[in-house]
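What's in coords01.cif: mmCIF, C-alpha atoms
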```cif
data_structure
loop_
_atom_site.label_atom_id
_atom_site.label_comp_id
_atom_site.auth_asym_id
_atom_site.auth_seq_id
_atom_site.Cartn_x
_atom_site.Cartn_y
_atom_site.Cartn_z
CA MET A 1 -72.92 -193.15 34.33
CA ALA A 2 -74.03 -190.23 32.17
CA GLN A 3 -71.30 -188.37 30.38
CA LYS A 4 -70.48 -185.03 32.00
CA LYS A 5 -71.26 -182.06 29.77
CA GLY A 6 -68.72 -179.34 29.15
CA LEU A 7 -69.01 -175.70 30.20
CA ILE A 8 -69.76 -174.44 26.68
CA TYR A 9 -72.55 -177.01 26.28
CA ARG A 10 -74.15 -176.02 29.59
CA LEU A 11 -73.94 -172.32 28.78
CA THR A 12 -75.48 -172.71 25.31
CA MET A 13 -77.94 -175.58 25.83
CA GLY A 14 -78.75 -175.24 29.54
CA LYS A 15 -79.34 -178.08 31.97
CA ASP A 16 -80.54 -181.46 30.69
CA ASN A 17 -82.47 -182.47 33.81
CA LEU A 18 -84.86 -179.53 34.03
CA PRO A 19 -88.46 -180.57 34.78
CA ASP A 20 -91.21 -180.09 32.22
CA PHE A 21 -92.86 -176.70 32.25
CA THR A 22 -96.39 -176.52 33.62
CA PRO A 23 -98.58 -173.50 34.43
CA ASP A 24 -98.11 -174.26 38.15
CA LYS A 25 -94.47 -173.24 37.81
CA LEU A 26 -95.42 -169.68 36.85
CA PRO A 27 -95.16 -167.11 39.68
CA GLY A 28 -98.35 -166.80 41.67
CA THR A 29 -97.59 -163.67 43.72
CA ARG A 30 -95.96 -160.29 43.04
CA PHE A 31 -92.91 -161.23 45.08
CA GLN A 32 -92.50 -164.44 43.08
CA LEU A 33 -92.94 -162.44 39.88
CA PHE A 34 -90.15 -160.07 40.94
CA LYS A 35 -87.83 -162.99 41.70
CA ASP A 36 -88.74 -164.78 38.49
CA VAL A 37 -87.90 -161.80 36.28
CA PHE A 38 -84.81 -160.77 38.25
CA PHE A 39 -83.15 -164.20 38.32
CA ASN A 40 -84.48 -165.89 35.18
CA ARG A 41 -84.03 -162.83 32.97
CA PHE A 42 -80.85 -161.55 34.58
CA GLY A 43 -79.13 -161.06 31.24
CA ALA A 44 -81.95 -158.81 30.06
CA ILE A 45 -81.78 -156.92 33.37
CA VAL A 46 -78.08 -156.17 32.81
CA LYS A 47 -78.71 -155.04 29.22
CA ILE A 48 -81.48 -152.67 30.33
CA ASN A 49 -79.26 -151.20 33.02
CA LEU A 50 -76.36 -150.59 30.62
CA LEU A 51 -78.66 -148.89 28.10
CA VAL A 52 -80.05 -146.59 30.80
CA LEU A 53 -76.50 -145.90 32.00
CA LEU A 54 -75.65 -144.73 28.49
CA PHE A 55 -78.27 -141.98 28.72
CA CYS A 56 -77.14 -141.08 32.25
CA LEU A 57 -73.57 -140.36 31.16
CA PRO A 58 -74.12 -136.57 30.76
CA ALA A 59 -75.45 -136.29 34.33
CA ILE A 60 -72.65 -138.47 35.72
CA ALA A 61 -69.98 -136.52 33.84
CA TRP A 62 -71.36 -133.18 35.02
CA VAL A 63 -71.44 -134.27 38.68
CA VAL A 64 -67.87 -135.59 38.48
CA ILE A 65 -66.62 -132.38 36.85
CA MET A 66 -68.24 -130.17 39.47
CA GLN A 67 -66.81 -132.28 42.31
CA MET A 68 -63.34 -131.80 40.83
CA VAL A 69 -63.93 -128.03 40.52
CA LYS A 70 -65.00 -127.82 44.18
CA GLN A 71 -61.91 -129.69 45.34
CA MET A 72 -59.62 -127.49 43.24
CA ASP A 73 -61.27 -124.30 44.48
CA GLY A 74 -60.98 -125.46 48.09
CA SER A 75 -57.28 -126.12 47.67
CA LEU A 76 -56.73 -122.54 46.39
CA LEU A 77 -58.42 -120.79 49.31
CA PRO A 78 -55.89 -119.31 51.83
CA TYR A 79 -57.00 -121.31 54.86
CA SER A 80 -53.56 -120.65 56.47
CA GLY A 81 -54.40 -116.91 56.71
CA ASN A 82 -52.31 -113.88 55.85
CA VAL A 83 -48.54 -114.37 56.06
CA GLY A 84 -47.89 -110.64 55.70
CA ILE A 85 -46.29 -110.64 52.24
CA GLY A 86 -48.67 -108.86 49.94
CA TYR A 87 -51.76 -110.94 50.69
CA PRO A 88 -54.91 -109.30 52.11
CA ILE A 89 -56.14 -110.35 55.48
CA ILE A 90 -59.14 -112.71 55.28
CA THR A 91 -60.80 -112.92 58.67
CA ASP A 92 -63.44 -115.58 57.93
CA VAL A 93 -61.98 -117.82 55.25
CA ILE A 94 -63.91 -120.93 56.44
CA ALA A 95 -67.27 -119.21 55.97
CA LEU A 96 -66.09 -118.03 52.57
CA GLY A 97 -65.22 -121.61 51.58
CA GLN A 98 -68.67 -122.84 52.66
CA ARG A 99 -70.44 -120.16 50.64
CA ARG A 100 -68.38 -120.89 47.55
CA ALA A 101 -69.20 -124.59 47.93
CA PHE A 102 -72.89 -123.68 48.21
CA GLN A 103 -72.66 -121.67 44.99
CA PHE A 104 -71.05 -124.60 43.22
CA ASP A 105 -73.81 -126.91 44.50
CA LEU A 106 -76.52 -124.61 43.17
CA GLN A 107 -74.77 -124.49 39.82
CA THR A 108 -74.42 -128.29 39.82
CA TYR A 109 -78.10 -129.05 40.46
CA LEU A 110 -79.30 -126.29 38.15
CA VAL A 111 -77.41 -127.68 35.16
CA LEU A 112 -78.38 -131.19 36.26
CA ILE A 113 -82.02 -130.50 35.32
CA PRO A 114 -81.47 -130.88 31.53
CA CYS A 115 -79.13 -133.82 32.20
CA ILE A 116 -81.95 -135.56 34.10
CA MET A 117 -84.24 -134.94 31.14
CA VAL A 118 -81.73 -136.66 28.86
CA ALA A 119 -81.58 -139.61 31.27
CA SER A 120 -85.40 -139.81 31.27
CA VAL A 121 -85.33 -140.57 27.54
CA GLY A 122 -83.49 -143.78 28.36
CA LEU A 123 -85.93 -144.50 31.18
CA SER A 124 -88.84 -144.39 28.73
CA GLY A 125 -87.32 -147.30 26.82
CA ALA A 126 -86.31 -149.17 29.98
CA PHE A 127 -89.79 -149.04 31.54
CA TYR A 128 -91.33 -150.27 28.29
CA VAL A 129 -88.96 -153.26 28.08
CA MET A 130 -89.46 -154.06 31.76
CA ARG A 131 -93.23 -154.01 31.35
CA ARG A 132 -92.92 -156.63 28.58
CA LEU A 133 -90.67 -158.79 30.76
CA VAL A 134 -93.08 -158.60 33.70
CA TRP A 135 -96.00 -159.53 31.45
CA GLY A 136 -94.08 -162.49 30.05
CA GLU A 137 -94.12 -161.19 26.48
CA GLY A 138 -91.45 -161.93 23.89
CA THR A 139 -88.79 -159.25 24.23
CA SER A 140 -85.78 -158.11 22.27
CA VAL A 141 -84.11 -155.77 24.73
CA ALA A 142 -82.38 -153.43 22.27
CA GLY A 143 -85.20 -153.36 19.72
CA HIS A 144 -88.00 -152.79 22.22
CA PHE A 145 -85.85 -150.32 24.19
CA PHE A 146 -85.67 -147.89 21.28
CA ARG A 147 -89.29 -148.59 20.33
CA GLY A 148 -90.28 -147.61 23.87
CA ILE A 149 -88.30 -144.37 23.50
CA LYS A 150 -90.12 -143.55 20.28
CA MET A 151 -93.54 -144.20 21.82
CA ASN A 152 -93.15 -142.69 25.30
CA PHE A 153 -90.35 -140.12 25.50
CA LEU A 154 -92.63 -137.04 25.74
CA PRO A 155 -94.30 -137.90 29.10
CA PHE A 156 -90.91 -138.82 30.53
CA LEU A 157 -89.32 -135.56 29.38
CA PHE A 158 -92.14 -133.51 30.91
CA SER A 159 -92.14 -135.35 34.23
CA SER A 160 -88.34 -135.35 34.51
CA LEU A 161 -88.34 -131.56 34.19
CA PHE A 162 -90.35 -131.31 37.41
CA ALA A 163 -88.22 -134.02 39.04
CA GLY A 164 -85.06 -131.99 38.32
CA ILE A 165 -86.62 -128.79 39.69
CA SER A 166 -87.78 -130.65 42.80
CA LEU A 167 -84.28 -132.03 43.44
CA PHE A 168 -82.83 -128.54 42.96
CA LEU A 169 -85.22 -127.11 45.58
CA VAL A 170 -84.25 -129.79 48.11
CA MET A 171 -80.52 -129.20 47.71
CA ALA A 172 -80.98 -125.41 47.72
CA ASN A 173 -82.83 -125.54 51.04
CA VAL A 174 -80.17 -127.81 52.53
CA GLY A 175 -77.50 -125.31 51.44
CA ILE A 176 -79.49 -122.39 52.84
CA TYR A 177 -79.83 -124.19 56.19
CA ASN A 178 -76.05 -124.67 56.40
CA ASN A 179 -74.88 -121.29 55.09
CA MET A 180 -77.52 -118.57 55.57
CA THR A 181 -77.18 -118.17 59.31
CA GLU A 182 -78.82 -114.76 59.20
CA ILE A 183 -82.15 -116.45 58.38
CA HIS A 184 -84.04 -117.67 61.45
CA ILE A 185 -83.56 -121.38 62.08
CA ALA A 186 -87.32 -122.01 62.15
CA TRP A 187 -87.69 -120.80 58.57
CA ARG A 188 -84.71 -122.87 57.50
CA VAL A 189 -86.21 -126.02 59.07
CA ILE A 190 -89.61 -125.32 57.47
CA GLY A 191 -87.94 -124.83 54.11
CA ILE A 192 -86.17 -128.19 54.31
CA ALA A 193 -89.31 -130.01 55.53
CA VAL A 194 -91.50 -128.59 52.74
CA SER A 195 -88.93 -129.35 50.05
CA VAL A 196 -88.43 -132.94 51.26
CA ILE A 197 -92.20 -133.57 51.40
CA GLN A 198 -92.74 -132.29 47.87
CA PHE A 199 -89.78 -134.36 46.63
CA VAL A 200 -91.14 -137.59 48.20
CA LEU A 201 -94.60 -136.85 46.80
CA LEU A 202 -93.14 -136.25 43.35
CA LEU A 203 -91.17 -139.52 43.48
CA SER A 204 -94.37 -141.35 44.46
CA MET A 205 -96.11 -139.80 41.46
CA PHE A 206 -93.16 -140.72 39.26
CA ILE A 207 -93.66 -144.42 40.11
CA PHE A 208 -97.14 -144.40 38.59
CA LEU A 209 -96.61 -141.81 35.88
CA THR A 210 -93.77 -143.75 34.26
CA THR A 211 -95.52 -147.13 34.43
CA GLN A 212 -98.86 -145.75 33.21
CA ALA A 213 -97.17 -144.04 30.27
CA VAL A 214 -95.90 -147.39 28.91
CA THR A 215 -99.12 -149.28 29.72
CA TYR A 216 -102.14 -147.11 28.88
CA LYS A 217 -102.92 -144.55 26.19
CA LEU A 218 -103.53 -141.46 28.29
CA LYS A 219 -103.02 -137.75 27.80
CA MET A 220 -100.52 -135.91 29.94
CA TRP A 221 -103.11 -134.34 32.23
CA ALA A 222 -104.74 -137.74 32.85
CA LEU A 223 -101.33 -139.21 33.68
CA ILE A 224 -100.62 -136.47 36.19
CA LYS A 225 -104.07 -136.70 37.78
CA ASN A 226 -104.00 -140.51 38.15
CA SER A 227 -100.43 -140.46 39.46
CA PHE A 228 -101.30 -137.84 42.08
CA LEU A 229 -104.30 -139.88 43.26
CA PHE A 230 -102.19 -143.04 43.55
CA ALA A 231 -99.44 -141.13 45.35
CA ILE A 232 -101.90 -139.86 47.99
CA ALA A 233 -104.11 -142.96 48.33
CA LEU A 234 -101.22 -145.44 48.61
CA LEU A 235 -98.85 -143.24 50.59
CA PRO A 236 -97.73 -145.87 53.19
CA THR A 237 -96.91 -148.52 50.57
CA ASN A 238 -95.34 -145.87 48.35
CA LEU A 239 -92.95 -144.95 51.15
CA ILE A 240 -92.03 -148.62 51.58
CA MET A 241 -91.31 -148.94 47.85
CA LEU A 242 -89.17 -145.78 47.90
CA ILE A 243 -87.17 -147.12 50.83
CA LEU A 244 -86.61 -150.42 49.02
CA SER A 245 -85.62 -148.49 45.90
CA ALA A 246 -83.03 -146.52 47.85
CA ILE A 247 -81.22 -149.63 49.10
CA PRO A 248 -78.54 -149.61 46.31
CA ILE A 249 -77.85 -145.89 46.82
CA VAL A 250 -77.64 -146.26 50.62
CA LEU A 251 -75.21 -149.15 50.22
CA LEU A 252 -72.99 -146.99 48.03
CA ILE A 253 -72.93 -144.33 50.76
CA VAL A 254 -72.31 -146.60 53.76
CA LEU A 255 -69.84 -149.02 52.19
CA PRO A 256 -66.21 -148.53 53.24
CA SER A 257 -63.92 -146.88 50.72
CA PHE A 258 -62.17 -150.11 49.74
CA LEU A 259 -65.55 -151.71 48.92
CA SER A 260 -67.12 -148.71 47.23
CA ILE A 261 -65.63 -149.64 43.85
CA PHE A 262 -67.43 -153.01 43.97
CA GLY A 263 -70.65 -151.25 44.93
CA LEU A 264 -70.29 -148.90 41.97
CA LEU A 265 -69.74 -151.84 39.62
CA ILE A 266 -72.82 -153.65 40.92
CA PHE A 267 -74.92 -150.52 40.59
CA ALA A 268 -73.59 -149.97 37.07
CA PHE A 269 -74.83 -153.44 36.06
CA ILE A 270 -78.16 -153.80 37.92
CA GLY A 271 -78.89 -150.66 39.98
CA PHE A 272 -81.25 -148.80 37.66
CA ALA A 273 -82.91 -151.99 36.40
CA TYR A 274 -83.58 -153.14 39.98
CA ILE A 275 -85.44 -149.90 40.73
CA ILE A 276 -87.38 -150.04 37.44
CA LEU A 277 -88.40 -153.68 38.04
CA LEU A 278 -89.50 -152.93 41.61
CA TRP A 279 -91.62 -149.98 40.52
CA THR A 280 -93.14 -151.90 37.60
CA VAL A 281 -94.22 -154.91 39.68
CA TYR A 282 -95.64 -152.67 42.42
CA ALA A 283 -97.47 -150.33 40.03
CA HIS A 284 -99.14 -153.19 38.15
CA TRP A 285 -100.37 -154.60 41.45
CA ALA A 286 -102.09 -151.25 42.03
CA TYR A 287 -103.51 -151.18 38.49
CA ASP A 288 -104.96 -154.69 38.84
CA LYS A 289 -106.56 -153.69 42.11
CA PHE A 290 -108.02 -150.30 41.16
CA ILE A 291 -108.04 -149.79 37.37
CA ASN A 292 -108.09 -152.90 35.20
CA ASP A 293 -111.60 -153.97 36.18
CA LYS A 294 -112.84 -150.70 34.68
CA VAL A 295 -110.69 -150.72 31.53
CA GLU A 296 -112.19 -152.51 28.54
CA GLY A 297 -109.91 -155.27 27.31
CA ALA A 298 -107.48 -155.05 30.25
CA VAL A 299 -106.13 -158.39 31.52
CA LYS A 300 -105.43 -158.80 35.20
CA ASN A 301 -102.50 -160.67 36.75
CA ARG A 302 -100.36 -160.54 33.63
CA GLY A 303 -97.25 -162.70 33.97
CA MET A 304 -98.71 -164.70 36.88
CA TYR A 305 -100.70 -167.93 37.21
CA LYS A 306 -103.87 -167.63 39.24
CA LYS A 307 -105.97 -170.75 39.70
CA THR A 308 -109.62 -170.29 38.81
CA GLU A 309 -112.56 -172.42 39.97
CA ALA A 310 -112.53 -174.25 36.63
CA ASP A 311 -108.82 -175.07 37.07
CA GLU A 312 -109.41 -176.40 40.57
CA LYS A 313 -112.33 -178.55 39.42
CA ALA A 314 -110.29 -179.94 36.53
CA ALA A 315 -107.44 -180.79 38.91
CA GLU A 316 -109.83 -182.53 41.32
CA GLU A 317 -111.37 -184.51 38.48
CA ARG A 318 -107.92 -185.53 37.22
CA ASP A 319 -106.89 -186.64 40.71
CA ARG A 320 -110.13 -188.59 41.14
CA LYS A 321 -109.59 -190.47 37.90
CA ASN A 322 -105.97 -191.28 38.68
CA LYS A 323 -106.48 -192.10 42.34
CA ASN A 324 -107.51 -195.77 41.87
CA ILE A 325 -105.17 -196.62 38.99
CA ARG A 326 -102.69 -199.29 40.05
CA PHE A 327 -99.09 -199.13 38.89
CA ASN A 328 -96.21 -201.55 38.98
CA ASN A 329 -92.52 -200.82 39.28
CA PRO A 330 -91.07 -201.09 35.74
CA LYS A 331 -87.67 -202.16 37.15
CA LYS A 332 -89.13 -205.31 38.72
CA ARG A 333 -90.95 -208.31 37.32
CA PRO A 334 -94.67 -207.64 37.08
CA LYS A 335 -96.85 -209.19 39.69
CA LYS A 336 -98.61 -212.41 38.65
CA ILE A 337 -102.38 -212.28 38.40
CA THR A 338 -103.87 -215.77 38.66
CA SER A 339 -106.99 -215.07 36.64
CA ILE A 340 -104.92 -213.97 33.62
CA ASP A 341 -101.54 -215.69 33.97
CA GLU A 342 -102.87 -219.14 34.86
CA GLY A 343 -105.32 -219.75 32.07
CA GLU A 344 -108.61 -218.03 32.77
CA THR A 345 -109.98 -216.93 29.43
CA PHE A 346 -113.27 -215.94 27.85
CA THR A 347 -115.40 -218.46 25.99
CA PRO A 348 -115.23 -217.44 22.34
CA LEU A 349 -118.50 -216.51 20.68
CA PRO A 350 -119.79 -219.09 18.15
CA THR A 351 -120.44 -218.10 14.56
CA SER A 352 -124.19 -218.17 15.15
CA PHE A 353 -124.36 -216.55 18.60
CA SER A 354 -127.45 -215.54 20.52
CA ARG A 355 -128.22 -213.15 23.30
CA ALA A 356 -127.57 -215.94 25.80
CA ASP A 357 -123.98 -216.17 24.51
CA LEU A 358 -123.57 -212.43 24.97
CA LEU A 359 -124.90 -212.64 28.51
CA ARG A 360 -122.48 -215.47 29.33
CA LEU A 361 -119.55 -213.38 27.96
CA GLU A 362 -120.53 -210.43 30.14
CA GLN A 363 -120.74 -212.69 33.23
CA GLU A 364 -117.28 -214.17 32.53
CA LYS A 365 -115.85 -210.68 32.17
CA GLU A 366 -117.32 -209.60 35.51
CA ALA A 367 -116.00 -212.75 37.19
CA VAL A 368 -112.46 -212.12 35.95
CA LYS A 369 -112.62 -208.51 37.09
CA ARG A 370 -113.81 -209.49 40.56
CA SER A 371 -111.03 -212.05 40.92
CA ILE A 372 -108.39 -209.47 39.93
CA ASP A 373 -109.76 -206.94 42.43
CA ALA A 374 -109.80 -209.57 45.14
CA GLU A 375 -106.13 -210.49 44.55
CA TYR A 376 -105.08 -206.83 44.78
CA GLU A 377 -107.04 -206.38 48.00
CA GLU A 378 -105.39 -209.44 49.57
CA GLU A 379 -101.85 -208.47 48.53
CA PRO A 380 -101.67 -204.65 48.09
CA ASP A 381 -98.78 -203.46 46.00
CA ASP A 382 -97.49 -200.17 47.34
CA GLU A 383 -94.54 -199.93 44.97
CA PRO A 384 -94.45 -197.04 42.44
CA ALA A 385 -94.97 -198.08 38.84
CA ALA A 386 -95.86 -197.03 35.35
CA LEU A 387 -98.46 -199.42 33.86
CA PRO A 388 -102.24 -199.47 34.50
CA ALA A 389 -103.86 -202.51 36.06
CA GLU A 390 -104.85 -205.36 33.76
CA SER A 391 -108.39 -205.42 35.12
CA GLU A 392 -109.19 -202.01 33.67
CA ARG A 393 -107.69 -202.91 30.31
CA VAL A 394 -109.59 -206.20 30.21
CA GLY A 395 -112.77 -204.40 31.23
CA SER A 396 -112.48 -201.80 28.48
CA VAL A 397 -111.69 -204.40 25.76
CA SER A 398 -114.51 -206.70 26.85
CA LYS A 399 -116.98 -203.86 26.89
CA GLN A 400 -116.12 -202.95 23.30
CA THR A 401 -116.42 -206.65 22.31
CA VAL A 402 -119.87 -206.96 23.90
CA GLU A 403 -121.14 -203.76 22.30
CA GLY A 404 -119.95 -204.92 18.88
CA ALA A 405 -121.54 -208.33 19.37
CA ASN A 406 -124.84 -206.73 20.42
CA ALA A 407 -124.89 -204.73 17.22
CA GLN A 408 -124.26 -207.89 15.14
CA ALA A 409 -127.06 -209.76 16.96
CA ASP A 410 -129.52 -206.95 16.24
CA GLU A 411 -128.63 -206.99 12.56
CA LYS A 412 -128.99 -210.80 12.47
CA GLU A 413 -132.50 -210.72 13.96
CA LYS A 414 -133.63 -208.04 11.55
CA SER A 415 -132.40 -210.09 8.58
CA GLU A 416 -134.23 -213.22 9.82
CA GLU A 417 -137.48 -211.29 10.16
#
```

Would you kindly transcribe this structure into structure tokens?
Amino acid sequence: MAQKKGLIYRLTMGKDNLPDFTPDKLPGTRFQLFKDVFFNRFGAIVKINLLVLLFCLPAIAWVVIMQMVKQMDGSLLPYSGNVGIGYPIITDVIALGQRRAFQFDLQTYLVLIPCIMVASVGLSGAFYVMRRLVWGEGTSVAGHFFRGIKMNFLPFLFSSLFAGISLFLVMANVGIYNNMTEIHIAWRVIGIAVSVIQFVLLLSMFIFLTTQAVTYKLKMWALIKNSFLFAIALLPTNLIMLILSAIPIVLLIVLPSFLSIFGLLIFAFIGFAYIILLWTVYAHWAYDKFINDKVEGAVKNRGMYKKTEADEKAAEERDRKNKNIRFNNPKKRPKKITSIDEGETFTPLPTSFSRADLLRLEQEKEAVKRSIDAEYEEEPDDEPAALPAESERVGSVSKQTVEGANAQADEKEKSEE
């Protein structure tokens, strides 16, 4: 029995019984590509997420601080009313609390705009590293992360500015709907609907703008134009991708309080990287379908294995050649073949041979081959094995012998003449 390997050996060396790698084991679809990168490069996924989280710390810290300020301010408001000892009478303290909370929300999302721009710098490196992973290129996460920042931070800064403004408009309209009761409800509903539509459209553009920035050399206007066209033309699939991207955030919201800490830990390790990987795989599907045929030097289906007609023909030819090869089980005694094991041999060629001797040798070879084939047909061996049949080896050796003898006979006749 094989000796059991220790934990340290398995962690450092991996499994010993892994099958040999072949191109067929590469992912063949986008879903398989997503699974392959997510599970086989999980360590790189975690590293990418932690690096992005580092750049998101200013935004996280600001949101936490403002939540604490809102709670403290709410605790200081006199919700119990006037007790008659020097305090003024406040008739609508609940409405006052809501308006103060709305002011704090506006302040939060306004200052969050530059914080989102700082986070986008980390996203520029993360999208670059993820593109290399999806393409199956050699990747050093930390090194390529900062190289991606150096190469692509400007488009990300510019686009994140508009993303922050768009988020601010959405939250402002939600606050107006809840607090500005003097505005007609129809205008409040229209304001929320318009802000949500522009935010979804901007997120759809952000999918393609970020992935194009790390893939193609385009100017900012070209990035915006292409991203807008993709956002409009692929709107249904874009909505599906946005819903899938929101799964980690929705889970954080709906999880019970005692499980929320585990949800936060999971998001801290893989949340951002999951969204980046999903967007990258989806965007490159769109680029292969609509762009890469028109781009000089672009390679389609990077990171995947797609069988071509030449590959299929080569596989068919390989199967045809191997189909009739007989094998014997190496753990059992080889099957006896009468024509070889019981004394049938070839008549050796004399020193002074003629063409008649060569013809006789060829006939003996054919007779032995026919007898071997007949024995296999009478008693078929359906056991798996590892050695080719003796008839094919005998045939190949005899053929070489006959060809060499023919050459010697020709030389002999020329010398006699």

Residue list as a VMD selection string for point (-90.4, -149.4, 48.8), cut-off 12 Å, all atoms listed in the file
chain A and resid 200 203 to 204 207 234 to 247 274 to 283

*Name every residue that the PyMOL selection byres ((chain A and resi 164) around 8) selects in this structure, writing the answer as a list in words with chains first and numbers rising.*
Tyr109, Leu112, Ile113, Pro114, Ile116, Met117, Ser160, Leu161, Phe162, Ala163, Ile165, Ser166, Leu167 and Phe168 of chain A

Hits from the PyMOL selection byres ((chain A and resi 284-291) around 12), listed as a VMD selection string: chain A and resid 29 to 31 33 to 34 130 to 132 134 to 135 207 to 212 214 to 216 226 to 227 229 to 231 233 to 234 237 to 238 277 to 283 292 to 304

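Between CA of Asp319 (chain A) and CA of Val368 (chain A) there is a distance of 26.5 Å.
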
note - CA of Asp73 (chain A) and CA of Phe102 (chain A) are separated by 12.2 Å

Expressed in Å, the length from CA of Phe145 (chain A) to CA of Tyr128 (chain A) is 6.8 Å

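Residue nearest Phe55 (chain A) within the list A:Val69, A:Val194, A:Ile149, A:Val111: A:Ile149 [criterion: smallest interatomic distance, only C-alpha atoms].
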
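Shortest separation to Lys219 (chain A) among A:Pro155, A:Ser257, A:Phe262, A:Asn173 occurs at residue A:Pro155, atoms counted being all atoms listed in the file.
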
Selection result for the PyMOL selection byres ((chain A and resi 42) around 12) on this file, as a ChimeraX atom specification
/A:34-41,43-49,130,133,141,269-270,273-274,277

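The smallest atom-to-atom distance between Ile192 (chain A) and any of A:Ala101, A:Leu110, A:Met171, A:Ile232, using all atoms listed in the file, is found for A:Met171.
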
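With distances taken over all atoms listed in the file, A:Phe104 is the one residue among A:Leu51, A:Ser124, A:Phe104, A:Val189 lying closest to Gln71 (chain A).
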
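In terms of minimum interatomic distance to Thr108 (chain A), A:Ile60 ranks closest within A:Ile60, A:Gly125, A:Arg147, A:Ala367, counting all atoms listed in the file.
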
Closest of A:Leu26, A:Leu50, A:Met151, A:Ile190 to Leu265 (chain A), counting all atoms listed in the file, is A:Leu50
